[in-house]
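Visitor: For reference, this is structure36.cif, and it has mmCIF, C-alpha atoms.
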```cif
data_input
#
loop_
_atom_site.label_atom_id
_atom_site.label_comp_id
_atom_site.auth_asym_id
_atom_site.auth_seq_id
_atom_site.Cartn_x
_atom_site.Cartn_y
_atom_site.Cartn_z
CA MET A 1 6.41 -16.33 36.33
CA ALA A 2 5.21 -14.43 33.26
CA LEU A 3 2.29 -12.06 32.70
CA ILE A 4 0.52 -13.25 29.54
CA LEU A 5 -2.52 -12.08 27.57
CA VAL A 6 -4.49 -14.61 25.54
CA THR A 7 -7.16 -13.26 23.21
CA GLY A 8 -10.14 -15.35 22.19
CA ALA A 9 -9.83 -17.49 25.30
CA SER A 10 -13.47 -18.40 25.83
CA THR A 11 -13.27 -21.84 24.19
CA GLY A 12 -11.10 -24.10 22.08
CA LEU A 13 -7.44 -23.39 21.50
CA GLY A 14 -7.50 -20.08 23.34
CA LEU A 15 -8.98 -21.61 26.48
CA ALA A 16 -6.59 -24.58 26.33
CA THR A 17 -3.65 -22.20 25.95
CA ALA A 18 -4.78 -19.98 28.82
CA GLN A 19 -5.53 -22.91 31.11
CA ASP A 20 -2.20 -24.59 30.45
CA LEU A 21 -0.32 -21.34 31.11
CA SER A 22 -2.26 -20.76 34.32
CA ASP A 23 -1.65 -24.34 35.48
CA GLN A 24 2.08 -23.68 35.02
CA GLY A 25 1.79 -20.78 37.47
CA HIS A 26 1.78 -17.87 35.03
CA ASP A 27 -0.38 -14.78 35.51
CA VAL A 28 -2.88 -14.98 32.66
CA VAL A 29 -5.28 -12.29 31.47
CA VAL A 30 -8.00 -13.76 29.28
CA HIS A 31 -10.03 -11.99 26.62
CA ALA A 32 -13.48 -12.94 25.38
CA ARG A 33 -15.86 -11.24 22.96
CA THR A 34 -18.59 -10.70 25.57
CA SER A 35 -18.72 -10.83 29.35
CA ASN A 36 -20.88 -13.98 29.40
CA ARG A 37 -18.19 -15.80 27.42
CA VAL A 38 -15.37 -15.15 29.90
CA PRO A 39 -14.31 -18.62 31.12
CA SER A 40 -14.03 -19.46 34.77
CA GLY A 41 -10.48 -19.96 36.01
CA ASP A 42 -7.72 -18.72 38.23
CA TRP A 43 -6.95 -15.72 36.03
CA ARG A 44 -4.98 -12.58 36.80
CA GLY A 45 -7.81 -10.75 35.05
CA ALA A 46 -10.37 -10.85 32.26
CA VAL A 47 -11.51 -8.41 29.58
CA ASP A 48 -14.39 -8.55 27.13
CA VAL A 49 -14.30 -6.69 23.83
CA ASP A 50 -15.62 -7.39 20.34
CA LEU A 51 -12.42 -7.28 18.27
CA SER A 52 -14.37 -6.62 15.08
CA ASP A 53 -15.01 -3.12 16.50
CA LEU A 54 -11.98 -0.95 15.72
CA ASP A 55 -12.67 1.69 18.37
CA ALA A 56 -13.26 -0.93 21.03
CA THR A 57 -10.01 -2.65 20.09
CA ARG A 58 -8.13 0.63 20.43
CA ALA A 59 -9.59 1.05 23.91
CA LEU A 60 -8.70 -2.53 24.81
CA ALA A 61 -5.00 -1.81 24.27
CA LEU A 62 -5.14 0.79 27.04
CA GLU A 63 -7.29 -1.42 29.27
CA VAL A 64 -4.96 -4.41 29.21
CA ASP A 65 -1.84 -2.27 29.64
CA ALA A 66 -3.24 -1.36 33.06
CA PHE A 67 -2.49 -4.93 34.19
CA GLY A 68 1.22 -4.27 33.73
CA HIS A 69 3.90 -4.85 31.12
CA PHE A 70 3.09 -8.20 29.52
CA ASP A 71 5.84 -10.73 28.98
CA ALA A 72 3.87 -12.33 26.14
CA VAL A 73 0.70 -11.86 24.11
CA VAL A 74 -0.95 -14.75 22.28
CA HIS A 75 -3.17 -13.35 19.52
CA ASN A 76 -5.52 -16.31 19.33
CA ALA A 77 -8.92 -14.71 18.64
CA GLY A 78 -10.33 -15.59 15.25
CA ALA A 79 -13.31 -15.23 12.95
CA LEU A 80 -14.12 -17.54 10.05
CA HIS A 81 -16.30 -15.47 7.75
CA PRO A 82 -16.27 -12.00 6.18
CA PRO A 83 -16.48 -9.22 7.10
CA ASP A 84 -15.13 -10.15 10.54
CA ALA A 85 -12.30 -12.37 9.25
CA ALA A 86 -10.01 -9.46 8.40
CA ARG A 87 -11.18 -7.34 11.33
CA VAL A 88 -10.53 -9.96 13.98
CA ASN A 89 -7.73 -12.03 12.44
CA THR A 90 -5.57 -9.24 11.01
CA ILE A 91 -6.64 -5.73 11.96
CA ALA A 92 -7.17 -6.34 15.68
CA PRO A 93 -3.75 -8.00 16.21
CA TYR A 94 -2.12 -5.10 14.37
CA VAL A 95 -3.89 -2.46 16.48
CA LEU A 96 -3.19 -4.20 19.79
CA THR A 97 0.45 -4.75 18.87
CA MET A 98 1.05 -1.14 17.89
CA LEU A 99 -0.80 0.41 20.84
CA MET A 100 0.19 -1.89 23.72
CA ARG A 101 3.57 -1.74 25.41
CA PRO A 102 5.59 -4.31 23.43
CA PRO A 103 6.03 -7.62 25.26
CA ARG A 104 9.10 -9.84 25.08
CA ARG A 105 7.22 -12.44 23.04
CA LEU A 106 4.43 -12.23 20.48
CA VAL A 107 2.53 -15.22 19.09
CA TYR A 108 0.04 -14.87 16.23
CA LEU A 109 -2.36 -17.62 15.17
CA SER A 110 -1.99 -18.46 11.51
CA SER A 111 -3.38 -21.40 9.53
CA SER A 112 -2.28 -23.70 6.75
CA MET A 113 -5.06 -21.99 4.81
CA HIS A 114 -2.88 -18.87 4.61
CA ARG A 115 -1.33 -20.53 1.56
CA GLY A 116 -4.56 -19.87 -0.34
CA GLY A 117 -4.77 -16.18 0.60
CA THR A 118 -4.44 -13.27 -1.80
CA THR A 119 -2.04 -10.33 -1.73
CA ASP A 120 -4.86 -8.10 -3.00
CA MET A 121 -5.66 -6.12 0.14
CA ARG A 122 -8.90 -4.49 -0.97
CA GLY A 123 -10.63 -6.89 1.40
CA LEU A 124 -9.19 -4.98 4.33
CA THR A 125 -11.60 -2.14 3.63
CA ASP A 126 -14.52 -3.58 1.64
CA GLY A 127 -15.32 -6.49 3.97
CA THR A 128 -14.74 -9.24 1.39
CA ALA A 129 -11.54 -10.76 2.77
CA SER A 130 -11.69 -14.51 3.25
CA TYR A 131 -10.33 -16.46 6.18
CA SER A 132 -7.37 -17.51 4.03
CA ASP A 133 -6.67 -13.89 3.10
CA SER A 134 -6.71 -12.79 6.72
CA LYS A 135 -4.35 -15.56 7.77
CA LEU A 136 -1.88 -14.77 4.99
CA TRP A 137 -1.91 -11.15 6.08
CA VAL A 138 -1.42 -11.82 9.79
CA THR A 139 1.40 -14.24 8.97
CA ALA A 140 3.12 -11.62 6.81
CA PHE A 141 2.59 -9.07 9.58
CA ALA A 142 4.23 -11.36 12.15
CA LEU A 143 7.24 -12.05 9.94
CA SER A 144 7.65 -8.36 9.10
CA LEU A 145 7.51 -7.44 12.78
CA ALA A 146 10.22 -9.96 13.56
CA ASP A 147 12.57 -8.03 11.28
CA ARG A 148 11.56 -4.64 12.69
CA TRP A 149 11.64 -5.60 16.36
CA PRO A 150 14.79 -7.71 16.79
CA ASP A 151 14.58 -7.63 20.58
CA THR A 152 11.12 -9.19 20.56
CA ALA A 153 10.53 -12.87 19.77
CA VAL A 154 7.76 -12.90 17.16
CA HIS A 155 6.19 -16.05 15.73
CA ALA A 156 3.22 -17.24 13.68
CA VAL A 157 1.68 -20.61 14.55
CA ASP A 158 -0.44 -22.97 12.48
CA PRO A 159 -2.30 -24.99 15.13
CA GLY A 160 -3.71 -27.45 12.61
CA TRP A 161 -7.34 -28.23 11.77
CA VAL A 162 -8.59 -29.06 15.21
CA PRO A 163 -12.09 -29.89 16.54
CA THR A 164 -12.95 -26.54 18.11
CA ARG A 165 -16.13 -24.48 17.74
CA MET A 166 -14.55 -22.89 14.67
CA GLY A 167 -12.89 -26.01 13.30
CA GLY A 168 -15.98 -28.18 13.65
CA PRO A 169 -16.42 -31.80 14.75
CA SER A 170 -14.96 -33.22 11.52
CA ALA A 171 -11.54 -31.66 12.09
CA SER A 172 -8.84 -34.28 11.81
CA ASP A 173 -5.95 -32.79 13.81
CA ASP A 174 -5.07 -33.14 17.49
CA LEU A 175 -6.59 -30.52 19.80
CA GLU A 176 -3.93 -31.14 22.46
CA GLN A 177 -1.12 -30.64 19.97
CA GLY A 178 -2.92 -27.59 18.65
CA HIS A 179 -2.08 -25.38 21.63
CA LEU A 180 1.29 -26.67 22.88
CA THR A 181 3.35 -24.57 20.46
CA GLN A 182 1.66 -21.37 21.59
CA VAL A 183 2.34 -22.21 25.24
CA ARG A 184 6.00 -22.93 24.56
CA LEU A 185 6.61 -19.84 22.45
CA ALA A 186 4.89 -17.63 25.03
CA THR A 187 7.03 -18.84 27.91
CA GLN A 188 10.49 -19.86 26.78
CA ASP A 189 13.16 -19.42 24.16
CA ALA A 190 12.30 -21.70 21.29
CA ALA A 191 14.54 -24.14 19.49
CA GLY A 192 14.93 -23.03 15.91
CA PRO A 193 14.72 -19.39 14.86
CA ARG A 194 14.49 -17.08 17.85
CA THR A 195 12.21 -14.78 15.95
CA GLY A 196 10.39 -14.75 12.65
CA GLY A 197 9.39 -18.41 12.77
CA TYR A 198 6.34 -20.06 11.25
CA TRP A 199 5.46 -23.05 13.43
CA HIS A 200 3.32 -26.16 13.36
CA HIS A 201 3.29 -28.65 16.25
CA LEU A 202 6.57 -27.51 17.83
CA ALA A 203 8.49 -27.47 14.55
CA THR A 204 9.21 -24.71 12.07
CA GLN A 205 7.91 -24.80 8.52
CA ARG A 206 8.30 -22.66 5.45
CA PRO A 207 5.34 -20.26 5.06
CA ALA A 208 3.79 -19.19 1.77
CA PRO A 209 6.31 -17.16 -0.25
CA ALA A 210 4.12 -14.05 -0.14
CA ALA A 211 4.21 -14.02 3.67
CA ALA A 212 7.99 -13.60 3.62
CA ASP A 213 8.08 -11.14 0.70
CA PRO A 214 9.47 -7.80 1.98
CA ALA A 215 7.61 -5.81 -0.69
CA PHE A 216 4.28 -7.35 0.26
CA GLN A 217 5.03 -6.89 3.96
CA GLU A 218 5.70 -3.18 3.45
CA ALA A 219 2.51 -2.74 1.42
CA LEU A 220 0.53 -4.58 4.09
CA LEU A 221 1.89 -2.44 6.91
CA ALA A 222 1.05 0.72 4.99
CA ALA A 223 -2.48 -0.53 4.32
CA LEU A 224 -3.04 -1.48 7.96
CA ALA A 225 -1.79 1.89 9.16
CA GLU A 226 -4.17 3.65 6.75
CA VAL A 227 -7.20 1.50 7.57
CA THR A 228 -6.75 1.74 11.35
CA ARG A 229 -5.24 5.23 11.63
CA VAL A 230 -2.63 3.62 13.89
CA PRO A 231 0.92 4.25 12.69
CA VAL A 232 3.51 1.50 12.45
CA ARG A 233 5.81 1.51 15.46
CA GLU A 234 9.26 1.10 13.97
CA HIS A 235 10.93 -0.11 17.16
CA PRO A 236 9.60 -0.80 20.65
#
```
What would you get if you wrote out this structure as structure tokens?
Guide:
Amino acid sequence: MALILVTGASTGLGLATAQDLSDQGHDVVVHARTSNRVPSGDWRGAVDVDLSDLDATRALALEVDAFGHFDAVVHNAGALHPPDAARVNTIAPYVLTMLMRPPRRLVYLSSSMHRGGTTDMRGLTDGTASYSDSKLWVTAFALSLADRWPDTAVHAVDPGWVPTRMGGPSASDDLEQGHLTQVRLATQDAAGPRTGGYWHHLATQRPAPAAADPAFQEALLAALAEVTRVPVREHP
């Protein structure tokens, strides 16, 4: 069985992902923003950190590594509004990825809204980045990492517009379908591209052109390294 970290596991897609993985017999470490939001369950462990806090996120990388060498990390935690959108959706996954021992599989939550994001990265530092911006950036980060870390399976997943606390009650997509791709990619070799895939409901799709643009990816990595003071790890 695998050792798997799921961030943002207090409710919604994160909780469904963590619960499904645990039900399959995997050792799951869940993350929540605060201790009172840690869900009950048969977890290997639980951590609580506000991922909008850069220093706390740095410390979290060391804290979770104490559980052992993870087989997979599902970067599910998300924030909808600035200034936390970029901090939680893009910066925190970058910091955790670069500071933790690299797992065999990495899954990053994207969104169809990444197609409306901008390649202007001033929002990384001035707090104005939109949700769409942050999801374009984390998608580009995932695809760039897939090229840099060929021995690690790296994927971005669009779970759809699902009726979670963030998605709201009017969301029209299927909550059950919304987490199955993450579970599969975290636990087994996927059909389709082994690494570098952009997924929606167990099938690959073509992401926004900017997300796969090597020049933009390089600029993004440089900006993230500067903002976080965490250098890019070229190879695990």
Visitor: For a quick check of understanding, using only C-alpha atoms, which of A:Pro103, A:Gly45, A:Gly178, A:Pro214 has the smallest distance to Val64 of chain A?
Guide: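 So, comparing all the options, the nearest one is A:Gly45.
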Visitor: Please list as a ChimeraX atom specification every residue within 7 Å of Tyr108 of chain A, counting only C-alpha atoms and excluding residues in the same chain fewer than 2 positions away.
Guide: /A:74-76,106,110,142,155-157
Visitor: Rounded to one decimal in Å, what is the spacing between atom CA of Gln188 of chain A and atom CA of Trp149 of chain A?
Guide: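 The value is 17.7 Å.
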Visitor: Quick one: everything within 10 Å of Ser52 of chain A, counting all atoms listed in the file, minus sequence neighbours fewer than 6 positions away in the same chain. Send it as a ChimeraX atom specification.
Guide: /A:33,78-79,83-89,91-92
Visitor: Could you save those same residues with C-alpha atoms as an mmCIF file, keeping the file's coordinate frame?
Guide:
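Everything below was put into again.cif:
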```cif
data_model
loop_
_atom_site.group_PDB
_atom_site.id
_atom_site.type_symbol
_atom_site.label_atom_id
_atom_site.label_comp_id
_atom_site.auth_asym_id
_atom_site.auth_seq_id
_atom_site.Cartn_x
_atom_site.Cartn_y
_atom_site.Cartn_z
ATOM 1 C CA ARG A 33 -15.860 -11.240 22.960
ATOM 2 C CA GLY A 78 -10.330 -15.590 15.250
ATOM 3 C CA ALA A 79 -13.310 -15.230 12.950
ATOM 4 C CA PRO A 83 -16.480 -9.220 7.100
ATOM 5 C CA ASP A 84 -15.130 -10.150 10.540
ATOM 6 C CA ALA A 85 -12.300 -12.370 9.250
ATOM 7 C CA ALA A 86 -10.010 -9.460 8.400
ATOM 8 C CA ARG A 87 -11.180 -7.340 11.330
ATOM 9 C CA VAL A 88 -10.530 -9.960 13.980
ATOM 10 C CA ASN A 89 -7.730 -12.030 12.440
ATOM 11 C CA ILE A 91 -6.640 -5.730 11.960
ATOM 12 C CA ALA A 92 -7.170 -6.340 15.680
#
```
Visitor: Any idea what's packed within 10 Å of segment 112-118 of chain A, counting all atoms listed in the file, ignoring anything in its chain fewer than 5 positions away? Could you give it as a list in words?
Guide: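 After dropping sequence-adjacent residues, the list is Gly123, Ala129, Ser130, Tyr131, Ser132, Asp133, Ser134, Lys135, Leu136, Trp137, Val138, Thr139, Ala140, Val157, Asp158, Pro159, Gly160, Trp161, His200, Pro207, Ala208, Pro209, Ala210 and Ala211 of chain A.
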Visitor: Filtering to C-alpha atoms, could you give me those residues as a JSON list (two decimals), keeping the file's coordinate frame?
Guide:
```json
[["chain", "number", "residue", "atom", "x", "y", "z"],
["A", 123, "GLY", "CA", -10.63, -6.89, 1.40],
["A", 129, "ALA", "CA", -11.54, -10.76, 2.77],
["A", 130, "SER", "CA", -11.69, -14.51, 3.25],
["A", 131, "TYR", "CA", -10.33, -16.46, 6.18],
["A", 132, "SER", "CA", -7.37, -17.51, 4.03],
["A", 133, "ASP", "CA", -6.67, -13.89, 3.10],
["A", 134, "SER", "CA", -6.71, -12.79, 6.72],
["A", 135, "LYS", "CA", -4.35, -15.56, 7.77],
["A", 136, "LEU", "CA", -1.88, -14.77, 4.99],
["A", 137, "TRP", "CA", -1.91, -11.15, 6.08],
["A", 138, "VAL", "CA", -1.42, -11.82, 9.79],
["A", 139, "THR", "CA", 1.40, -14.24, 8.97],
["A", 140, "ALA", "CA", 3.12, -11.62, 6.81],
["A", 157, "VAL", "CA", 1.68, -20.61, 14.55],
["A", 158, "ASP", "CA", -0.44, -22.97, 12.48],
["A", 159, "PRO", "CA", -2.30, -24.99, 15.13],
["A", 160, "GLY", "CA", -3.71, -27.45, 12.61],
["A", 161, "TRP", "CA", -7.34, -28.23, 11.77],
["A", 200, "HIS", "CA", 3.32, -26.16, 13.36],
["A", 207, "PRO", "CA", 5.34, -20.26, 5.06],
["A", 208, "ALA", "CA", 3.79, -19.19, 1.77],
["A", 209, "PRO", "CA", 6.31, -17.16, -0.25],
["A", 210, "ALA", "CA", 4.12, -14.05, -0.14],
["A", 211, "ALA", "CA", 4.21, -14.02, 3.67]]
```
Visitor: Care to translate the PyMOL selection byres ((chain A and resi 223) around 12) into actual residues of this file, as JSON, numbers by chain?
Guide: {"A": [90, 91, 94, 119, 120, 121, 122, 123, 124, 125, 137, 141, 216, 217, 218, 219, 220, 221, 222, 224, 225, 226, 227, 228, 229, 230, 231, 232]}
